>>> print(open('coords17.txt').read())   # compact mmCIF, C-alpha atoms and all ligand atoms
# COMPACT_ATOMS: atom_id res chain seq x y z
CA HIS A 13 0.00 0.00 0.00
CA HIS A 14 1.05 3.55 -0.70
CA PRO A 15 2.65 4.90 2.49
CA THR A 16 0.86 8.24 2.34
CA LEU A 17 -2.62 6.71 2.15
CA HIS A 18 -4.44 6.30 5.42
CA THR A 19 -4.60 2.68 6.45
CA ASN A 20 -6.43 0.96 9.28
CA GLN A 21 -4.92 -1.34 11.91
CA VAL A 22 -4.69 -4.28 9.50
CA GLY A 23 -2.94 -2.20 6.83
CA TYR A 24 -5.76 -1.62 4.36
CA THR A 25 -6.98 1.59 2.79
CA ARG A 26 -10.58 2.64 2.60
CA ARG A 27 -10.51 1.80 -1.12
CA ASP A 28 -9.82 -1.84 -0.24
CA TYR A 29 -13.27 -2.00 1.38
CA GLU A 30 -15.07 -0.55 -1.58
CA GLY A 31 -16.24 -2.32 -4.73
CA ARG A 32 -17.24 -1.45 -8.24
CA ILE A 33 -19.35 1.60 -9.09
CA SER A 34 -23.02 0.88 -8.37
CA THR A 35 -25.37 0.41 -11.33
CA LEU A 36 -28.50 0.74 -9.18
CA CYS A 37 -30.92 3.64 -9.70
CA ALA A 38 -29.62 6.95 -8.34
CA GLY A 39 -30.88 7.41 -4.79
CA CYS A 40 -31.62 3.70 -4.16
CA GLY A 41 -31.48 2.94 -0.42
CA HIS A 42 -29.44 -0.18 -1.16
CA ASP A 43 -26.39 1.98 -1.94
CA SER A 44 -26.60 3.44 1.57
CA ILE A 45 -26.57 -0.10 2.98
CA SER A 46 -23.46 -0.93 0.92
CA ALA A 47 -21.83 2.20 2.37
CA ALA A 48 -22.80 1.07 5.89
CA ILE A 49 -21.26 -2.39 5.28
CA ILE A 50 -18.04 -0.75 4.07
CA GLN A 51 -17.99 1.48 7.17
CA ALA A 52 -18.66 -1.42 9.56
CA CYS A 53 -15.91 -3.68 8.12
CA TRP A 54 -13.44 -0.78 8.02
CA ASP A 55 -14.20 0.16 11.63
CA LEU A 56 -13.84 -3.46 12.77
CA ASN A 57 -10.48 -3.83 10.97
CA ILE A 58 -11.73 -6.95 9.22
CA GLU A 59 -9.31 -7.97 6.48
CA PRO A 60 -11.42 -8.05 3.30
CA HIS A 61 -10.17 -11.52 2.32
CA ARG A 62 -11.62 -12.93 5.55
CA VAL A 63 -15.16 -12.16 4.36
CA ALA A 64 -17.33 -14.30 2.09
CA LYS A 65 -20.30 -12.34 0.72
CA LEU A 66 -23.15 -14.26 -0.85
CA SER A 67 -26.41 -13.17 -2.41
CA GLY A 68 -29.36 -14.41 -4.47
CA ILE A 69 -31.24 -12.55 -7.20
CA GLY A 70 -32.71 -9.06 -7.25
CA CYS A 71 -31.52 -5.47 -7.01
CA SER A 72 -30.30 -6.16 -3.45
CA SER A 73 -28.40 -9.22 -4.58
CA LYS A 74 -26.42 -7.17 -7.09
CA THR A 75 -24.96 -5.06 -4.28
CA PRO A 76 -22.09 -7.33 -3.11
CA ASP A 77 -20.32 -6.14 -6.27
CA TYR A 78 -20.29 -2.65 -4.75
CA PHE A 79 -18.44 -3.36 -1.50
CA LEU A 80 -15.44 -5.38 -0.29
CA GLY A 81 -13.98 -5.92 -3.75
CA ALA A 82 -11.15 -8.03 -2.32
CA SER A 83 -13.38 -10.49 -0.45
CA HIS A 84 -14.81 -13.81 -1.60
CA GLY A 85 -18.16 -13.53 -3.38
CA PHE A 86 -20.82 -15.77 -4.82
CA ASN A 87 -24.01 -14.58 -6.51
CA THR A 88 -26.21 -17.68 -6.19
CA VAL A 89 -29.64 -18.53 -7.64
CA HIS A 90 -32.95 -16.95 -6.58
CA GLY A 91 -33.72 -17.56 -2.89
CA ARG A 92 -30.91 -20.10 -2.49
CA MET A 93 -28.23 -17.95 -0.88
CA PRO A 94 -28.71 -19.55 2.61
CA SER A 95 -28.03 -23.08 1.30
CA VAL A 96 -24.94 -22.09 -0.62
CA LEU A 97 -23.72 -20.06 2.36
CA THR A 98 -24.34 -23.00 4.71
CA GLY A 99 -22.22 -25.23 2.47
CA ALA A 100 -19.41 -22.69 2.27
CA ASN A 101 -19.59 -22.26 6.04
CA LEU A 102 -19.20 -26.01 6.60
CA ALA A 103 -16.25 -26.15 4.22
CA ASN A 104 -14.39 -23.18 5.70
CA ARG A 105 -14.97 -22.15 9.30
CA GLU A 106 -12.36 -19.39 9.19
CA LEU A 107 -14.32 -16.91 7.09
CA LEU A 108 -16.91 -14.37 8.17
CA TYR A 109 -20.12 -14.95 6.22
CA LEU A 110 -22.22 -12.08 4.99
CA GLY A 111 -25.47 -12.89 3.19
CA VAL A 112 -27.23 -10.06 1.34
CA SER A 113 -30.72 -10.63 0.08
CA GLY A 114 -33.99 -8.89 -0.66
CA ASP A 115 -37.63 -9.32 0.25
CA GLY A 116 -38.39 -11.05 -3.05
CA ASP A 117 -35.41 -13.35 -2.55
CA SER A 118 -35.95 -14.16 1.16
CA ALA A 119 -39.70 -13.75 1.80
CA SER A 120 -41.08 -15.38 -1.37
CA ILE A 121 -39.05 -17.96 -3.27
CA GLY A 122 -36.45 -18.32 -0.51
CA LEU A 123 -38.70 -18.24 2.55
CA GLY A 124 -37.99 -21.86 3.43
CA GLN A 125 -34.27 -21.28 3.01
CA PHE A 126 -34.41 -18.19 5.22
CA ALA A 127 -36.44 -19.96 7.91
CA ASN A 128 -34.15 -22.96 8.11
CA ALA A 129 -30.95 -20.88 8.16
CA MET A 130 -32.37 -19.02 11.17
CA ARG A 131 -33.59 -22.24 12.79
CA ARG A 132 -30.25 -23.97 12.36
CA GLY A 133 -28.28 -21.04 13.70
CA VAL A 134 -25.99 -20.84 10.66
CA ARG A 135 -23.15 -18.48 11.61
CA MET A 136 -23.72 -15.52 9.35
CA ALA A 137 -24.77 -11.90 9.12
CA TYR A 138 -27.95 -12.06 7.04
CA ILE A 139 -29.06 -8.67 5.69
CA VAL A 140 -32.37 -8.27 3.88
CA GLU A 141 -32.73 -5.04 1.92
CA ASN A 142 -36.49 -4.77 2.21
CA ASN A 143 -38.49 -2.50 -0.12
CA GLY A 144 -41.75 -4.40 -0.49
CA VAL A 145 -41.39 -4.55 -4.23
CA TYR A 146 -39.73 -6.50 -7.05
CA GLY A 147 -37.62 -3.65 -8.36
CA LEU A 148 -35.57 -5.68 -10.83
CA THR A 149 -38.72 -6.86 -12.69
CA LYS A 150 -40.40 -3.43 -12.59
CA GLY A 151 -42.54 -3.14 -9.52
CA GLN A 152 -44.71 -6.16 -8.64
CA PHE A 153 -45.70 -6.54 -4.96
CA SER A 154 -43.36 -8.70 -2.95
CA ALA A 155 -44.43 -10.84 0.02
CA THR A 156 -43.49 -8.03 2.42
CA ALA A 157 -45.70 -5.38 0.72
CA ASP A 158 -48.26 -3.85 3.06
CA ARG A 159 -51.84 -4.96 2.65
CA GLY A 160 -53.76 -2.17 0.93
CA SER A 161 -50.70 -0.57 -0.64
CA LYS A 162 -50.96 0.53 -4.26
CA SER A 163 -48.53 -0.29 -7.05
CA LYS A 164 -47.30 2.29 -9.55
CA LYS A 165 -49.99 1.01 -11.92
CA GLY A 166 -52.72 1.51 -9.29
CA VAL A 167 -53.21 -2.17 -8.34
CA VAL A 168 -54.12 -2.65 -4.65
CA ASN A 169 -52.34 -5.38 -2.69
CA SER A 170 -54.90 -7.63 -0.96
CA GLU A 171 -52.46 -9.96 0.79
CA SER A 172 -50.94 -9.87 4.28
CA PRO A 173 -47.21 -9.18 4.52
CA VAL A 174 -44.58 -11.65 5.72
CA ASP A 175 -42.67 -10.31 8.73
CA LEU A 176 -39.15 -11.70 8.48
CA VAL A 177 -38.18 -10.30 11.89
CA GLY A 178 -41.09 -12.16 13.54
CA ILE A 179 -40.05 -15.40 11.80
CA ALA A 180 -36.39 -14.98 12.77
CA LEU A 181 -37.37 -14.41 16.41
CA GLN A 182 -39.74 -17.33 16.48
CA LEU A 183 -37.32 -19.77 14.89
CA GLY A 184 -34.41 -19.05 17.19
CA ALA A 185 -32.11 -16.52 15.51
CA THR A 186 -29.76 -15.26 18.21
CA TYR A 187 -29.37 -11.67 16.91
CA VAL A 188 -32.38 -9.93 15.38
CA ALA A 189 -32.53 -6.27 14.34
CA ARG A 190 -34.42 -3.93 12.08
CA SER A 191 -33.20 -0.67 10.65
CA PHE A 192 -33.66 1.82 7.87
CA SER A 193 -31.29 2.48 4.98
CA GLY A 194 -31.45 6.22 5.68
CA ASP A 195 -30.19 5.83 9.25
CA LYS A 196 -26.47 5.12 9.01
CA ALA A 197 -25.97 6.06 12.67
CA GLN A 198 -28.18 3.13 13.67
CA LEU A 199 -27.28 0.75 10.84
CA VAL A 200 -23.47 0.72 11.09
CA PRO A 201 -23.36 -0.46 14.74
CA LEU A 202 -26.04 -3.07 13.99
CA ILE A 203 -23.97 -4.46 11.09
CA LYS A 204 -20.86 -4.49 13.29
CA GLY A 205 -22.72 -6.46 15.94
CA ALA A 206 -23.97 -8.92 13.32
CA MET A 207 -20.48 -9.40 11.83
CA GLU A 208 -19.08 -10.16 15.28
CA HIS A 209 -21.96 -12.40 16.36
CA GLY A 210 -21.27 -16.11 16.66
CA GLY A 211 -24.58 -17.43 15.30
CA ALA A 212 -27.46 -16.52 13.01
CA ALA A 213 -27.64 -12.72 12.96
CA PHE A 214 -30.47 -11.18 10.99
CA ILE A 215 -31.01 -7.52 10.07
CA ASP A 216 -34.12 -6.45 8.18
CA VAL A 217 -33.27 -3.11 6.59
CA ILE A 218 -36.17 -1.10 5.23
CA SER A 219 -34.78 0.35 2.01
CA PRO A 220 -37.25 2.25 -0.18
CA CYS A 221 -37.23 1.64 -3.93
CA VAL A 222 -37.18 5.11 -5.45
CA THR A 223 -38.17 3.84 -8.89
CA PHE A 224 -41.07 1.44 -8.34
CA ASN A 225 -42.24 1.87 -4.76
CA ASN A 226 -42.90 5.52 -5.39
CA HIS A 227 -46.25 7.14 -6.02
CA SER A 228 -45.41 9.69 -8.68
CA GLY A 229 -42.51 7.89 -10.29
CA SER A 230 -40.27 10.83 -9.49
CA THR A 231 -37.16 10.36 -7.41
CA LYS A 232 -38.28 13.39 -5.45
CA SER A 233 -41.62 12.16 -4.22
CA TYR A 234 -40.50 10.59 -0.98
CA ASP A 235 -40.81 12.76 2.05
CA TYR A 236 -39.02 12.15 5.23
CA VAL A 237 -40.15 13.51 8.52
CA ARG A 238 -37.79 13.70 11.40
CA GLN A 239 -39.41 14.12 14.74
CA HIS A 240 -37.35 15.16 17.69
CA ASN A 241 -39.41 16.43 20.60
CA GLU A 242 -41.42 19.34 19.20
CA ALA A 243 -39.12 19.91 16.25
CA VAL A 244 -40.20 18.28 13.00
CA SER A 245 -38.23 18.78 9.83
CA ARG A 246 -39.10 17.40 6.43
CA ILE A 247 -36.19 16.32 4.28
CA ASP A 248 -36.56 15.30 0.67
CA PHE A 249 -33.94 12.61 1.06
CA MET A 250 -34.29 10.88 -2.27
CA GLU A 251 -32.48 13.46 -4.39
CA PRO A 252 -30.20 11.38 -6.62
CA GLY A 253 -26.80 11.03 -5.06
CA GLN A 254 -27.80 12.72 -1.82
CA GLU A 255 -26.06 11.35 1.23
CA ILE A 256 -28.61 10.57 3.89
CA THR A 257 -27.36 11.28 7.35
CA THR A 258 -29.67 11.23 10.29
CA ASP A 259 -29.02 10.76 13.93
CA TYR A 260 -32.45 11.05 15.40
CA PRO A 261 -32.41 9.91 19.00
CA PRO A 262 -33.62 6.68 20.65
CA GLY A 263 -37.39 6.71 21.01
CA ALA A 264 -37.87 9.01 18.01
CA LEU A 265 -40.53 8.36 15.41
CA VAL A 266 -39.53 8.60 11.74
CA GLU A 267 -42.24 8.77 9.13
CA VAL A 268 -41.52 7.86 5.52
CA GLU A 269 -44.17 8.67 2.94
CA GLN A 270 -44.81 5.68 0.73
CA HIS A 271 -45.77 5.43 -2.94
CA ASP A 272 -49.51 5.48 -2.18
CA GLY A 273 -49.28 8.43 0.19
CA SER A 274 -49.49 6.30 3.35
CA LEU A 275 -46.85 6.73 6.02
CA LEU A 276 -44.37 4.11 7.10
CA ARG A 277 -43.89 4.80 10.81
CA LEU A 278 -40.55 3.70 12.24
CA ARG A 279 -40.04 3.90 16.00
CA LYS A 280 -36.48 3.77 17.24
CA LEU A 281 -36.03 1.61 20.35
CA HIS A 282 -35.48 3.42 23.63
CA THR A 283 -32.08 3.13 25.32
CA ASP A 284 -33.67 1.37 28.30
CA TYR A 285 -35.05 -1.41 26.09
CA ASP A 286 -33.72 -4.82 27.18
CA PRO A 287 -32.90 -6.87 24.04
CA THR A 288 -32.12 -10.12 25.89
CA ASP A 289 -35.70 -11.42 26.18
CA ARG A 290 -36.95 -13.14 23.02
CA TYR A 291 -40.61 -13.30 24.04
CA ALA A 292 -40.67 -9.74 25.32
CA ALA A 293 -39.24 -8.65 21.95
CA MET A 294 -42.05 -10.46 20.12
CA SER A 295 -44.79 -8.94 22.25
CA TYR A 296 -43.23 -5.45 22.18
CA MET A 297 -43.20 -5.64 18.38
CA GLN A 298 -46.87 -6.66 18.36
CA THR A 299 -47.81 -3.83 20.71
CA HIS A 300 -46.17 -1.29 18.42
CA ALA A 301 -47.58 -2.95 15.29
CA ALA A 302 -51.06 -2.38 16.76
CA LEU A 303 -50.14 1.33 16.93
CA GLY A 304 -49.08 1.21 13.28
CA GLU A 305 -45.40 1.48 14.21
CA ILE A 306 -42.40 -0.58 13.15
CA LEU A 307 -39.65 -0.81 15.77
CA THR A 308 -36.07 -0.26 14.69
CA GLY A 309 -32.89 -1.15 16.57
CA LEU A 310 -31.49 -4.32 18.14
CA LEU A 311 -34.65 -6.22 19.05
CA TYR A 312 -33.04 -9.36 20.39
CA ILE A 313 -29.63 -10.76 21.22
CA ASP A 314 -29.01 -14.05 22.95
CA PRO A 315 -26.55 -13.13 25.71
CA LEU A 316 -25.06 -16.63 25.58
CA ALA A 317 -24.49 -16.79 21.80
FE1 LIG B 1 -33.16 0.27 -6.11
FE2 LIG B 1 -35.72 0.11 -6.93
FE3 LIG B 1 -33.81 0.88 -8.65
FE4 LIG B 1 -33.91 -1.66 -7.80
S1 LIG B 1 -35.47 -0.61 -9.08
S2 LIG B 1 -32.04 -0.36 -7.99
S3 LIG B 1 -34.60 -1.40 -5.65
S4 LIG B 1 -34.44 2.01 -6.78
>>> encode(input="coords17.txt", output="structure tokens")
Amino acid sequence: HHPTLHTNQVGYTRRDYEGRISTLCAGCGHDSISAAIIQACWDLNIEPHRVAKLSGIGCSSKTPDYFLGASHGFNTVHGRMPSVLTGANLANRELLYLGVSGDGDSASIGLGQFANAMRRGVRMAYIVENNGVYGLTKGQFSATADRGSKSKKGVVNSESPVDLVGIALQLGATYVARSFSGDKAQLVPLIKGAMEHGGAAFIDVISPCVTFNNHSGSTKSYDYVRQHNEAVSRIDFMEPGQEITTDYPPGALVEVEQHDGSLLRLRKLHTDYDPTDRYAAMSYMQTHAALGEILTGLLYIDPLA
């Protein structure tokens, strides 16, 4: 490495943690998640060649090309990332496994694969970039789309959504979190925790599709409301190329306007929340779901894992 370039404790430059230039739509939340993965691995001084990144099919599954260019990578078939990762994990116990998937990949065709990877406690950080839509095939509802939401063509979704966090908790995952692609301050520490966890670590990252899960079709139609005590500020965060940085505090409510005008309400966990009780996590989620809120943060960690 060039002596004048800043290196981390294991002798790598920031560039060593990056990948190729993203070909996703400008402003896609998935690019923010790639940036958070780069930040987390850099901060943890993980040598890139110690990571194996695996994905399935979909916009999300293209992203491993955009981070950790010097790591091992395998773009598998649709919904089959967990099986391929499990095999790799059995063959080489030395690597850190990072699975990147989407809601189409993990909640539809790969739901059985997802469920069994969680149930078996496969040692991996499993990130789902969840946008409720099949972006790569131009905007059909995925299995995580809200009931009653409208597609760009005006079709109303009549089916109930799959909650991957609920499934992960129920089936025994030992690290379960939910976050938002626009909240790097929350997401980076969650990814670090997942990378360092010794079992099945799952993070559901809500990551809006600016092209198909978007009511006017414009990259400017998402509104973001930040609520901090009495102060509310609206930020049009989907300007192409705009860096989203938020550090709203624990307990804050973030509202994201969806394609059909409805609000996605994300409630950040309070600092006094105890994440070591699996059943309390499940019931706390249900209580907030009844209020129309989605909790974000570290929902559960097995203190013994
Ligand atoms: Fe991202 Fe949607 Fe574009 Fe896919 S179609 S790259 S999910 S904005």
>>> atom_distance(input="coords17.txt", atom1="atom CA of Ala119 of chain A", atom2="atom CA of Pro201 of chain A")
24.7 Å
>>> residues_around(input="coords17.txt", residues="Asn57 of chain A", least_positions_apart="5", cutoff="12 Å", atoms="all atoms listed in the file", output="list in words")
Thr19, Asn20, Gln21, Val22, Gly23, Tyr24, Thr25, Arg26, Asp28, Tyr29, Ile50, Gln51, Ala52, Arg62, Val63, Lys204, Met207 and Glu208 of chain A
>>> axis_aligned_box(input="coords17.txt", around="ligand LIG 1 (chain B)", padding_each_side="3 Å", output="lines of an AutoDock Vina configuration file")
center_x = -33.9
center_y = 0.2
center_z = -7.4
size_x = 9.7
size_y = 9.7
size_z = 9.4
>>> residues_near_ligand(input="coords17.txt", ligand="ligand LIG 1 (chain B)", cutoff="8 Å", atoms="all atoms listed in the file", output="number ranges by chain")
A: 35-42, 70-72, 143, 145-151, 219-225
>>> residues_around(input="coords17.txt", residues="Phe153 of chain A", least_positions_apart="4", cutoff="9 Å", atoms="all atoms listed in the file", output="list in words")
Gly116, Gly144, Val145, Tyr146, Ala157, Asp158, Ser161, Lys162, Ser163 and Asn169 of chain A
>>> atom_distance(input="coords17.txt", atom1="atom CA of Gly133 of chain A", atom2="atom CA of Leu278 of chain A")
27.7 Å
>>> closest_residue(input="coords17.txt", among="A:Ala64, A:Thr308, A:Val168, A:Ala292", to="Phe192 of chain A", atoms="all atoms listed in the file")
A:Thr308
>>> closest_residue(input="coords17.txt", among="A:Met136, A:Ala127, A:Leu311, A:Ile203", to="Gly99 of chain A", atoms="all atoms listed in the file")
A:Met136
>>> closest_residue(input="coords17.txt", among="A:Asp175, A:Glu59, A:Asp43, A:Asp115", to="Gln298 of chain A", atoms="all atoms listed in the file")
A:Asp175
>>> closest_residue(input="coords17.txt", among="A:Arg290, A:Lys280, A:Lys165, A:Arg92", to="Gly178 of chain A", atoms="all atoms listed in the file")
A:Arg290
>>> atom_distance(input="coords17.txt", atom1="atom CA of Leu281 of chain A", atom2="atom CA of Val200 of chain A")
15.6 Å
>>> closest_residue(input="coords17.txt", among="A:Tyr78, A:Tyr291, A:Tyr285, A:Tyr296", to="Leu310 of chain A", atoms="all atoms listed in the file")
A:Tyr285
>>> residues_around(input="coords17.txt", residues="Arg27 of chain A", least_positions_apart="6", cutoff="12 Å", atoms="all atoms listed in the file", output="number ranges by chain")
A: 13-14, 17-20, 33, 47, 50-51, 54, 60, 78-82
>>> closest_residue(input="coords17.txt", among="A:Arg131, A:His90, A:Lys164, A:Arg190", to="Ala206 of chain A", atoms="only C-alpha atoms")
A:Arg190
>>> residues_around(input="coords17.txt", residues="Leu265 of chain A", least_positions_apart="2", cutoff="7 Å", atoms="all atoms listed in the file", output="MDAnalysis selection string")
chainID A and resid 239 263 267 277:280
